[in-house]
>>> print(open('query27.txt').read())   # compact mmCIF, C-alpha atoms (C1' of nucleotides)
# COMPACT_ATOMS: atom_id res chain seq x y z
CA MET Q 1 -1.33 16.02 9.27
CA ALA Q 2 -3.36 13.24 10.79
CA ALA Q 3 -1.79 10.31 9.05
CA SER Q 4 -3.47 7.01 9.63
CA LEU Q 5 -1.81 3.67 9.14
CA ASP Q 6 -4.10 3.27 6.16
CA THR Q 7 -2.78 6.32 4.37
CA VAL Q 8 0.83 5.72 5.35
CA PHE Q 9 0.95 2.12 4.20
CA SER Q 10 -1.03 2.83 1.08
CA ALA Q 11 1.33 5.70 0.23
CA LEU Q 12 4.27 3.37 0.68
CA ALA Q 13 2.73 0.75 -1.57
CA ASP Q 14 3.71 2.59 -4.72
CA PRO Q 15 7.28 2.20 -6.02
CA THR Q 16 7.38 5.70 -7.49
CA ARG Q 17 6.48 7.18 -4.15
CA ARG Q 18 9.07 5.07 -2.33
CA ALA Q 19 11.66 6.23 -4.85
CA ILE Q 20 10.66 9.83 -4.21
CA LEU Q 21 11.08 9.33 -0.47
CA ALA Q 22 14.51 7.83 -1.06
CA MET Q 23 15.47 10.86 -3.13
CA LEU Q 24 14.25 13.22 -0.44
CA LEU Q 25 16.32 11.33 2.09
CA GLU Q 26 19.36 12.91 0.51
CA ASP Q 27 18.08 16.44 0.28
CA ASP Q 28 15.03 18.65 0.03
CA MET Q 29 13.93 19.07 -3.57
CA ALA Q 30 11.69 21.16 -5.77
CA VAL Q 31 8.76 19.41 -7.47
CA THR Q 32 10.29 19.71 -10.93
CA ASP Q 33 13.55 18.20 -9.74
CA VAL Q 34 11.71 15.36 -8.04
CA ALA Q 35 9.96 14.63 -11.33
CA GLU Q 36 13.06 14.78 -13.49
CA PRO Q 37 14.28 11.15 -13.23
CA PHE Q 38 10.83 9.66 -13.78
CA GLU Q 39 9.31 8.85 -17.12
CA MET Q 40 5.95 10.30 -16.36
CA SER Q 41 4.30 13.67 -16.47
CA LEU Q 42 4.94 16.37 -13.93
CA ALA Q 43 1.25 16.31 -13.06
CA ALA Q 44 1.51 12.66 -12.11
CA ILE Q 45 4.43 13.39 -9.81
CA SER Q 46 2.51 16.29 -8.36
CA LYS Q 47 -0.28 13.87 -7.48
CA HIS Q 48 2.16 11.45 -5.89
CA LEU Q 49 3.51 14.30 -3.79
CA THR Q 50 -0.01 15.13 -2.71
CA VAL Q 51 -0.48 11.55 -1.57
CA LEU Q 52 2.81 11.60 0.33
CA THR Q 53 1.84 14.87 1.96
CA GLY Q 54 -1.55 13.48 2.91
CA ALA Q 55 0.18 10.58 4.59
CA GLY Q 56 2.42 13.02 6.44
CA LEU Q 57 5.48 11.43 4.91
CA ILE Q 58 6.66 14.69 3.39
CA SER Q 59 5.87 18.36 3.82
CA GLN Q 60 5.78 20.97 1.11
CA GLU Q 61 6.66 24.61 1.50
CA ARG Q 62 6.19 27.13 -1.23
CA ARG Q 63 8.98 29.67 -1.62
CA GLY Q 64 8.37 31.92 -4.56
CA ARG Q 65 7.67 29.90 -7.66
CA VAL Q 66 9.19 26.81 -6.20
CA LYS Q 67 7.56 24.32 -3.85
CA TRP Q 68 10.13 22.53 -1.75
CA CYS Q 69 9.53 18.98 -0.65
CA LYS Q 70 10.95 17.78 2.62
CA LEU Q 71 10.98 14.32 4.11
CA GLU Q 72 9.05 13.90 7.36
CA PRO Q 73 10.41 10.65 8.75
CA ASP Q 74 8.34 10.86 11.91
CA ALA Q 75 5.28 9.70 10.01
CA LEU Q 76 6.96 6.35 9.53
CA ARG Q 77 7.41 5.86 13.21
CA GLU Q 78 3.78 5.03 13.90
CA ALA Q 79 3.78 2.42 11.18
CA SER Q 80 7.10 1.07 12.35
CA VAL Q 81 5.82 0.79 15.90
CA TRP Q 82 2.77 -1.07 14.63
CA MET Q 83 4.95 -3.60 12.87
CA GLN Q 84 7.24 -4.13 15.82
CA GLY Q 85 4.32 -4.16 18.22
CA PHE Q 86 2.94 -7.25 16.68
CA GLY Q 87 6.11 -9.08 16.77
CA MET Q 88 7.97 -8.68 13.56
CA MET Q 89 11.18 -7.88 15.38
CA ASN Q 90 10.81 -11.26 17.03
CA GLY Q 91 14.08 -12.65 18.11
CA LEU Q 92 15.93 -9.46 17.49
CA ASP Q 93 18.39 -8.42 20.13
CA LEU Q 94 17.03 -4.98 20.84
CA ASP Q 95 19.79 -4.15 23.25
CA ALA Q 96 22.34 -4.84 20.57
CA PHE Q 97 20.25 -2.74 18.27
CA GLU Q 98 20.35 0.17 20.68
CA ARG Q 99 24.09 -0.17 21.02
CA PHE Q 100 24.38 -0.23 17.27
CA LEU Q 101 22.30 2.94 17.04
CA ASP Q 102 24.37 4.69 19.66
CA ALA Q 103 27.58 3.76 17.91
CA GLU Q 104 26.26 5.02 14.61
CA LEU Q 105 25.03 8.26 16.06
CA ALA Q 106 28.18 8.86 18.04
CA ASP Q 107 30.40 8.65 14.98
CA PRO Q 108 30.00 11.89 13.03
CA SER Q 109 32.03 10.62 10.11
CA LEU Q 110 29.28 8.15 9.27
CA LEU Q 111 26.69 10.83 9.14
CA GLU Q 112 28.38 12.57 6.26
CA GLU Q 113 28.45 9.69 3.82
CA LYS Q 114 24.79 9.76 3.02
CA GLU Q 115 25.55 8.12 -0.30
CA MET O 1 6.42 -16.45 -1.91
CA ALA O 2 8.08 -13.63 -3.71
CA ALA O 3 6.68 -10.74 -1.75
CA SER O 4 7.64 -7.35 -3.07
CA LEU O 5 7.50 -4.20 -1.05
CA ASP O 6 4.56 -3.23 -3.26
CA THR O 7 2.45 -6.20 -2.27
CA VAL O 8 3.46 -6.12 1.39
CA PHE O 9 2.71 -2.44 1.92
CA SER O 10 -0.47 -2.59 -0.09
CA ALA O 11 -1.62 -5.60 1.93
CA LEU O 12 -0.93 -3.67 5.12
CA ALA O 13 -2.84 -0.64 3.88
CA ASP O 14 -6.21 -2.23 4.66
CA PRO O 15 -7.49 -2.08 8.26
CA THR O 16 -9.35 -5.38 7.96
CA ARG O 17 -6.18 -7.12 6.90
CA ARG O 18 -4.15 -5.53 9.70
CA ALA O 19 -6.81 -6.68 12.16
CA ILE O 20 -6.56 -10.19 10.77
CA LEU O 21 -2.80 -10.16 11.23
CA ALA O 22 -3.25 -9.00 14.81
CA MET O 23 -5.66 -11.86 15.43
CA LEU O 24 -3.26 -14.37 13.96
CA LEU O 25 -0.55 -13.06 16.23
CA GLU O 26 -2.31 -14.76 19.09
CA ASP O 27 -2.92 -18.06 17.40
CA ASP O 28 -3.38 -19.87 14.12
CA MET O 29 -6.99 -19.75 12.99
CA ALA O 30 -9.41 -21.31 10.55
CA VAL O 31 -10.89 -19.08 7.84
CA THR O 32 -14.38 -19.15 9.33
CA ASP O 33 -13.06 -18.14 12.73
CA VAL O 34 -11.03 -15.33 11.21
CA ALA O 35 -14.19 -14.07 9.55
CA GLU O 36 -16.41 -14.30 12.61
CA PRO O 37 -15.75 -10.88 14.24
CA PHE O 38 -16.09 -8.98 10.96
CA GLU O 39 -19.31 -7.64 9.55
CA MET O 40 -18.67 -8.79 6.04
CA SER O 41 -19.14 -11.93 4.05
CA LEU O 42 -16.92 -14.96 4.34
CA ALA O 43 -16.02 -14.55 0.70
CA ALA O 44 -14.68 -11.08 1.37
CA ILE O 45 -12.49 -12.39 4.18
CA SER O 46 -11.36 -15.20 1.94
CA LYS O 47 -10.20 -12.60 -0.55
CA HIS O 48 -8.35 -10.67 2.13
CA LEU O 49 -6.60 -13.85 3.15
CA THR O 50 -5.59 -14.41 -0.45
CA VAL O 51 -4.06 -10.94 -0.52
CA LEU O 52 -2.20 -11.58 2.72
CA THR O 53 -0.94 -14.88 1.39
CA GLY O 54 0.20 -13.24 -1.83
CA ALA O 55 2.18 -10.76 0.22
CA GLY O 56 3.71 -13.63 2.15
CA LEU O 57 2.36 -12.23 5.40
CA ILE O 58 0.48 -15.42 6.20
CA SER O 59 0.48 -19.00 5.01
CA GLN O 60 -2.51 -21.28 4.66
CA GLU O 61 -2.56 -25.00 5.13
CA ARG O 62 -5.57 -27.14 4.44
CA ARG O 63 -6.26 -29.90 6.92
CA GLY O 64 -9.45 -31.71 6.20
CA ARG O 65 -12.28 -29.30 5.70
CA VAL O 66 -10.48 -26.58 7.53
CA LYS O 67 -7.87 -24.22 6.14
CA TRP O 68 -5.56 -22.96 8.84
CA CYS O 69 -4.06 -19.50 8.62
CA LYS O 70 -0.68 -18.84 10.13
CA LEU O 71 1.19 -15.59 10.55
CA GLU O 72 4.48 -15.32 8.64
CA PRO O 73 6.24 -12.41 10.31
CA ASP O 74 9.38 -12.84 8.22
CA ALA O 75 7.66 -11.19 5.28
CA LEU O 76 7.64 -7.95 7.20
CA ARG O 77 11.38 -7.91 7.59
CA GLU O 78 12.13 -6.53 4.16
CA ALA O 79 9.54 -3.82 4.58
CA SER O 80 10.78 -3.01 8.03
CA VAL O 81 14.36 -2.69 6.89
CA TRP O 82 13.22 -0.32 4.21
CA MET O 83 11.25 1.77 6.68
CA GLN O 84 13.93 1.87 9.31
CA GLY O 85 16.13 3.52 6.73
CA PHE O 86 14.01 6.64 7.02
CA GLY O 87 12.98 7.06 10.59
CA MET O 88 15.40 6.33 13.36
CA MET O 89 18.15 5.44 10.91
CA ASN O 90 18.02 8.75 9.14
CA GLY O 91 21.47 9.72 8.05
CA LEU O 92 23.03 6.54 9.29
CA ASP O 93 25.05 3.92 7.55
CA LEU O 94 22.27 1.83 6.07
CA ASP O 95 24.58 -0.87 4.84
CA ALA O 96 25.85 -1.35 8.35
CA PHE O 97 22.29 -1.51 9.57
CA GLU O 98 21.42 -4.17 7.03
CA ARG O 99 24.46 -6.18 8.02
CA PHE O 100 23.39 -5.82 11.61
CA LEU O 101 19.89 -7.02 10.84
CA ASP O 102 21.15 -9.95 8.82
CA ALA O 103 23.47 -10.98 11.59
CA GLU O 104 20.73 -10.73 14.15
CA LEU O 105 18.19 -12.63 12.15
CA ALA O 106 20.64 -15.25 11.01
CA ASP O 107 21.41 -16.28 14.56
CA PRO O 108 19.15 -19.24 15.23
CA SER O 109 19.49 -19.00 18.98
CA LEU O 110 17.68 -15.69 18.86
CA LEU O 111 14.94 -16.87 16.61
CA GLU O 112 13.69 -19.47 19.04
CA GLU O 113 12.20 -17.04 21.48
CA LYS O 114 9.26 -16.26 19.27
CA GLU O 115 6.76 -15.49 22.02
C1' DC E 1 4.92 44.56 -20.06
C1' DG E 2 5.77 40.00 -22.00
C1' DC E 3 7.73 35.65 -21.72
C1' DA E 4 9.62 31.54 -19.53
C1' DT E 5 9.36 28.69 -15.32
C1' DA E 6 6.96 26.06 -11.78
C1' DT E 7 3.07 23.83 -10.36
C1' DT E 8 -1.66 22.68 -10.06
C1' DC E 9 -6.38 21.89 -11.89
C1' DA E 10 -9.98 19.50 -14.50
C1' DA E 11 -11.60 16.15 -17.30
C1' DC E 12 -10.97 11.87 -18.82
C1' DC E 13 -9.58 6.83 -19.03
C1' DA E 14 -8.23 1.93 -18.01
C1' DA E 15 -7.20 -0.96 -14.37
C1' DC E 16 -7.59 -2.32 -9.72
C1' DT E 17 -10.11 -2.82 -5.06
C1' DG E 18 -13.28 -4.27 -1.83
C1' DG E 19 -17.47 -5.58 -1.34
C1' DT E 20 -21.83 -8.34 -2.67
C1' DT E 21 -24.54 -12.71 -3.97
C1' DG E 22 -25.41 -17.39 -5.53
C1' DA E 23 -23.53 -21.59 -7.11
C1' DC E 24 -20.10 -25.08 -6.47
C1' DA E 25 -16.71 -28.51 -4.53
C1' DT E 26 -14.98 -30.99 -0.40
C1' DT E 27 -15.08 -33.00 3.75
C1' DC E 28 -17.04 -34.54 8.02
C1' DC E 29 -20.86 -36.64 10.70
C1' DT E 30 -24.70 -39.83 11.52
C1' DA R 1 -26.40 -41.92 1.36
C1' DG R 2 -27.79 -37.40 2.91
C1' DG R 3 -27.04 -33.18 5.14
C1' DA R 4 -24.39 -29.64 7.40
C1' DA R 5 -20.05 -27.14 7.51
C1' DT R 6 -15.93 -25.05 5.25
C1' DG R 7 -14.16 -22.42 1.66
C1' DT R 8 -13.63 -20.87 -2.99
C1' DC R 9 -15.26 -19.29 -7.58
C1' DA R 10 -17.60 -16.27 -10.86
C1' DA R 11 -20.06 -12.47 -12.05
C1' DC R 12 -21.14 -8.18 -10.92
C1' DC R 13 -20.91 -3.33 -9.01
C1' DA R 14 -19.35 1.21 -7.14
C1' DG R 15 -15.46 3.70 -5.88
C1' DT R 16 -10.50 4.49 -5.99
C1' DT R 17 -5.93 4.73 -8.26
C1' DG R 18 -2.46 6.12 -11.37
C1' DG R 19 -1.79 7.81 -15.44
C1' DT R 20 -2.74 11.14 -19.51
C1' DT R 21 -3.51 15.83 -21.77
C1' DG R 22 -4.56 20.72 -22.09
C1' DA R 23 -5.70 24.80 -19.77
C1' DA R 24 -5.00 27.77 -15.84
C1' DT R 25 -2.36 30.26 -12.13
C1' DA R 26 1.35 32.32 -10.05
C1' DT R 27 5.92 33.95 -9.87
C1' DG R 28 10.44 35.63 -11.52
C1' DC R 29 13.26 37.89 -15.16
C1' DG R 30 14.82 41.21 -18.71
>>> encode(input="query27.txt", output="structure tokens")
Amino acid sequence: MAASLDTVFSALADPTRRAILAMLLEDDMAVTDVAEPFEMSLAAISKHLTVLTGAGLISQERRGRVKWCKLEPDALREASVWMQGFGMMNGLDLDAFERFLDAELADPSLLEEKE
Amino acid sequence: MAASLDTVFSALADPTRRAILAMLLEDDMAVTDVAEPFEMSLAAISKHLTVLTGAGLISQERRGRVKWCKLEPDALREASVWMQGFGMMNGLDLDAFERFLDAELADPSLLEEKE
DNA sequence: CGCATATTCAACCAACTGGTTGACATTCCT
DNA sequence: AGGAATGTCAACCAGTTGGTTGAATATGCG
């Protein structure tokens, strides 16, 4: 999916879609299950998922009746790079950040407690 | 400015507004000068600047006839933290990451080296 | 087959967006 | 004072967005 900054940021601008992404962070989900906690129609959620797919933020794979939604975090990287590139991480100790990342990634116990 | 993720992301979703932010990265600018490189009316740019201000991404200060626009990179921090939770920080301890960010950004010695 | 499940499609609607133009208010300059 | 420069405001317009409902399309199950 060719996901421009336009489509990525505009997909992220909606709270429902951000909530969906947060849900998918925990696990892949079927469309119906994604829709369950929201107080809106399934069709509306289906549209939101189309937007997220268009932005490359998720991918959808049909297996039988069920369409599974999967987070595609790579799509956020471009947007993240854009933000950092123009200085938003100003003053941040990137070396410390790298060390922090390494520490996190090295400790397998932390990886399990995804909420 | 109370800038929600909604307003920040939706402000960033427009290429004209992102271009404006990139311009302001180099220096503070007057509204007319911001508008100059774009092929649209001054009023349209004025509206874009209002959106950016509403998102807290810039601030505007009137001095005489001229209204100066200034980048406010702090507004991106909240959005960035949110985004980082998905990409590189996938599966990590997000609370620890937030604490890390807070600690980094709270240290005034680091904040001075803004360019 | 016949029915329930899962998901999308199509038409519709109100609200918002991003642009236009022309008029207006300030401020600076001479 | 008069005129140019700087911005904003108001009205308007076309296109998009985010939601609805009802019908349609597959797929799985007994």
>>> interface_residues(input="query27.txt", of="chain Q", to="chain E", cutoff="9 Å", atoms="all atoms listed in the file", output="short mmCIF file (atom, residue, chain, number, x, y, z; two decimals) with C-alpha atoms, in the coordinates of the input")
data_model
loop_
_atom_site.label_atom_id
_atom_site.label_comp_id
_atom_site.auth_asym_id
_atom_site.auth_seq_id
_atom_site.Cartn_x
_atom_site.Cartn_y
_atom_site.Cartn_z
CA VAL Q 31 8.76 19.41 -7.47
CA THR Q 32 10.29 19.71 -10.93
CA LEU Q 42 4.94 16.37 -13.93
CA ALA Q 43 1.25 16.31 -13.06
CA SER Q 46 2.51 16.29 -8.36
CA ARG Q 65 7.67 29.90 -7.66
CA VAL Q 66 9.19 26.81 -6.20
CA LYS Q 67 7.56 24.32 -3.85
#
>>> interface_residues(input="query27.txt", of="chain R", to="chain Q", cutoff="9 Å", atoms="all atoms listed in the file", output="list of chain:residue names")
R:DG18, R:DG19, R:DT20, R:DA26, R:DT27, R:DG28
>>> residues_around(input="query27.txt", residues="O:Gly54", least_positions_apart="4", cutoff="9 Å", atoms="all atoms listed in the file", output="number ranges by chain")
O: 1-3, 7-8, 11, 49-50, 58-59
>>> residues_near_point(input="query27.txt", point="(4.8, -4.0, 3.6)", cutoff="9 Å", atoms="all atoms listed in the file", output="PDB file with C-alpha atoms, in the coordinates of the input")
ATOM      1  CA  PHE Q   9       0.950   2.120   4.200  1.00  0.00           C
ATOM      2  CA  LEU Q  12       4.270   3.370   0.680  1.00  0.00           C
ATOM      3  CA  ALA Q  13       2.730   0.750  -1.570  1.00  0.00           C
TER       4      ALA Q  13
ATOM      5  CA  ALA O   3       6.680 -10.740  -1.750  1.00  0.00           C
ATOM      6  CA  SER O   4       7.640  -7.350  -3.070  1.00  0.00           C
ATOM      7  CA  LEU O   5       7.500  -4.200  -1.050  1.00  0.00           C
ATOM      8  CA  ASP O   6       4.560  -3.230  -3.260  1.00  0.00           C
ATOM      9  CA  THR O   7       2.450  -6.200  -2.270  1.00  0.00           C
ATOM     10  CA  VAL O   8       3.460  -6.120   1.390  1.00  0.00           C
ATOM     11  CA  PHE O   9       2.710  -2.440   1.920  1.00  0.00           C
ATOM     12  CA  SER O  10      -0.470  -2.590  -0.090  1.00  0.00           C
ATOM     13  CA  ALA O  11      -1.620  -5.600   1.930  1.00  0.00           C
ATOM     14  CA  LEU O  12      -0.930  -3.670   5.120  1.00  0.00           C
ATOM     15  CA  ALA O  13      -2.840  -0.640   3.880  1.00  0.00           C
ATOM     16  CA  ALA O  55       2.180 -10.760   0.220  1.00  0.00           C
ATOM     17  CA  LEU O  57       2.360 -12.230   5.400  1.00  0.00           C
ATOM     18  CA  ALA O  75       7.660 -11.190   5.280  1.00  0.00           C
ATOM     19  CA  LEU O  76       7.640  -7.950   7.200  1.00  0.00           C
ATOM     20  CA  ARG O  77      11.380  -7.910   7.590  1.00  0.00           C
ATOM     21  CA  GLU O  78      12.130  -6.530   4.160  1.00  0.00           C
ATOM     22  CA  ALA O  79       9.540  -3.820   4.580  1.00  0.00           C
ATOM     23  CA  SER O  80      10.780  -3.010   8.030  1.00  0.00           C
TER      24      SER O  80
END
>>> atom_distance(input="query27.txt", atom1="atom CA of O:Met29", atom2="atom CA of Q:Val81")
24.4 Å
>>> decode(input="query27.txt", residues="stretch 24-39 of chain O", atoms="N, CA, C and O atoms", output="PDB file, in the first residue's frame")
ATOM      1  N   LEU O  24       8.533  27.059   8.924  1.00  0.00           N
ATOM      2  CA  LEU O  24       8.710  27.722  10.222  1.00  0.00           C
ATOM      3  C   LEU O  24       9.830  27.092  11.033  1.00  0.00           C
ATOM      4  O   LEU O  24      10.303  27.675  12.017  1.00  0.00           O
ATOM      5  N   LEU O  25      10.223  25.907  10.632  1.00  0.00           N
ATOM      6  CA  LEU O  25      11.345  25.256  11.308  1.00  0.00           C
ATOM      7  C   LEU O  25      12.609  26.075  11.143  1.00  0.00           C
ATOM      8  O   LEU O  25      13.448  26.139  12.038  1.00  0.00           O
ATOM      9  N   GLU O  26      12.715  26.737   9.993  1.00  0.00           N
ATOM     10  CA  GLU O  26      13.913  27.507   9.731  1.00  0.00           C
ATOM     11  C   GLU O  26      13.899  28.844  10.452  1.00  0.00           C
ATOM     12  O   GLU O  26      14.915  29.305  10.937  1.00  0.00           O
ATOM     13  N   ASP O  27      12.720  29.438  10.497  1.00  0.00           N
ATOM     14  CA  ASP O  27      12.659  30.749  11.132  1.00  0.00           C
ATOM     15  C   ASP O  27      11.203  31.162  11.358  1.00  0.00           C
ATOM     16  O   ASP O  27      10.321  30.679  10.667  1.00  0.00           O
ATOM     17  N   ASP O  28      11.009  32.066  12.302  1.00  0.00           N
ATOM     18  CA  ASP O  28       9.685  32.653  12.467  1.00  0.00           C
ATOM     19  C   ASP O  28       9.366  33.477  11.225  1.00  0.00           C
ATOM     20  O   ASP O  28      10.261  34.045  10.595  1.00  0.00           O
ATOM     21  N   MET O  29       8.078  33.536  10.881  1.00  0.00           N
ATOM     22  CA  MET O  29       7.711  34.240   9.654  1.00  0.00           C
ATOM     23  C   MET O  29       6.411  35.016   9.826  1.00  0.00           C
ATOM     24  O   MET O  29       5.552  34.633  10.614  1.00  0.00           O
ATOM     25  N   ALA O  30       6.277  36.070   9.019  1.00  0.00           N
ATOM     26  CA  ALA O  30       5.023  36.805   8.963  1.00  0.00           C
ATOM     27  C   ALA O  30       4.050  36.049   8.059  1.00  0.00           C
ATOM     28  O   ALA O  30       4.464  35.273   7.189  1.00  0.00           O
ATOM     29  N   VAL O  31       2.765  36.284   8.259  1.00  0.00           N
ATOM     30  CA  VAL O  31       1.726  35.576   7.515  1.00  0.00           C
ATOM     31  C   VAL O  31       1.912  35.733   6.007  1.00  0.00           C
ATOM     32  O   VAL O  31       1.866  34.759   5.250  1.00  0.00           O
ATOM     33  N   THR O  32       2.154  36.961   5.569  1.00  0.00           N
ATOM     34  CA  THR O  32       2.319  37.208   4.138  1.00  0.00           C
ATOM     35  C   THR O  32       3.489  36.420   3.560  1.00  0.00           C
ATOM     36  O   THR O  32       3.397  35.877   2.459  1.00  0.00           O
ATOM     37  N   ASP O  33       4.564  36.356   4.330  1.00  0.00           N
ATOM     38  CA  ASP O  33       5.740  35.620   3.849  1.00  0.00           C
ATOM     39  C   ASP O  33       5.477  34.122   3.835  1.00  0.00           C
ATOM     40  O   ASP O  33       5.968  33.399   2.966  1.00  0.00           O
ATOM     41  N   VAL O  34       4.714  33.646   4.802  1.00  0.00           N
ATOM     42  CA  VAL O  34       4.338  32.234   4.797  1.00  0.00           C
ATOM     43  C   VAL O  34       3.562  31.927   3.518  1.00  0.00           C
ATOM     44  O   VAL O  34       3.778  30.915   2.859  1.00  0.00           O
ATOM     45  N   ALA O  35       2.684  32.850   3.163  1.00  0.00           N
ATOM     46  CA  ALA O  35       1.786  32.610   2.028  1.00  0.00           C
ATOM     47  C   ALA O  35       2.496  32.683   0.679  1.00  0.00           C
ATOM     48  O   ALA O  35       2.058  32.061  -0.293  1.00  0.00           O
ATOM     49  N   GLU O  36       3.573  33.429   0.636  1.00  0.00           N
ATOM     50  CA  GLU O  36       4.215  33.753  -0.645  1.00  0.00           C
ATOM     51  C   GLU O  36       4.456  32.562  -1.577  1.00  0.00           C
ATOM     52  O   GLU O  36       4.047  32.590  -2.746  1.00  0.00           O
ATOM     53  N   PRO O  37       5.095  31.467  -1.104  1.00  0.00           N
ATOM     54  CA  PRO O  37       5.404  30.377  -2.043  1.00  0.00           C
ATOM     55  C   PRO O  37       4.193  29.564  -2.504  1.00  0.00           C
ATOM     56  O   PRO O  37       4.314  28.774  -3.435  1.00  0.00           O
ATOM     57  N   PHE O  38       3.047  29.760  -1.876  1.00  0.00           N
ATOM     58  CA  PHE O  38       1.889  28.934  -2.219  1.00  0.00           C
ATOM     59  C   PHE O  38       1.020  29.600  -3.281  1.00  0.00           C
ATOM     60  O   PHE O  38       0.921  30.824  -3.342  1.00  0.00           O
ATOM     61  N   GLU O  39       0.418  28.756  -4.081  1.00  0.00           N
ATOM     62  CA  GLU O  39      -0.449  29.267  -5.138  1.00  0.00           C
ATOM     63  C   GLU O  39      -1.894  29.287  -4.671  1.00  0.00           C
ATOM     64  O   GLU O  39      -2.782  28.707  -5.295  1.00  0.00           O
TER      65      GLU O  39
END
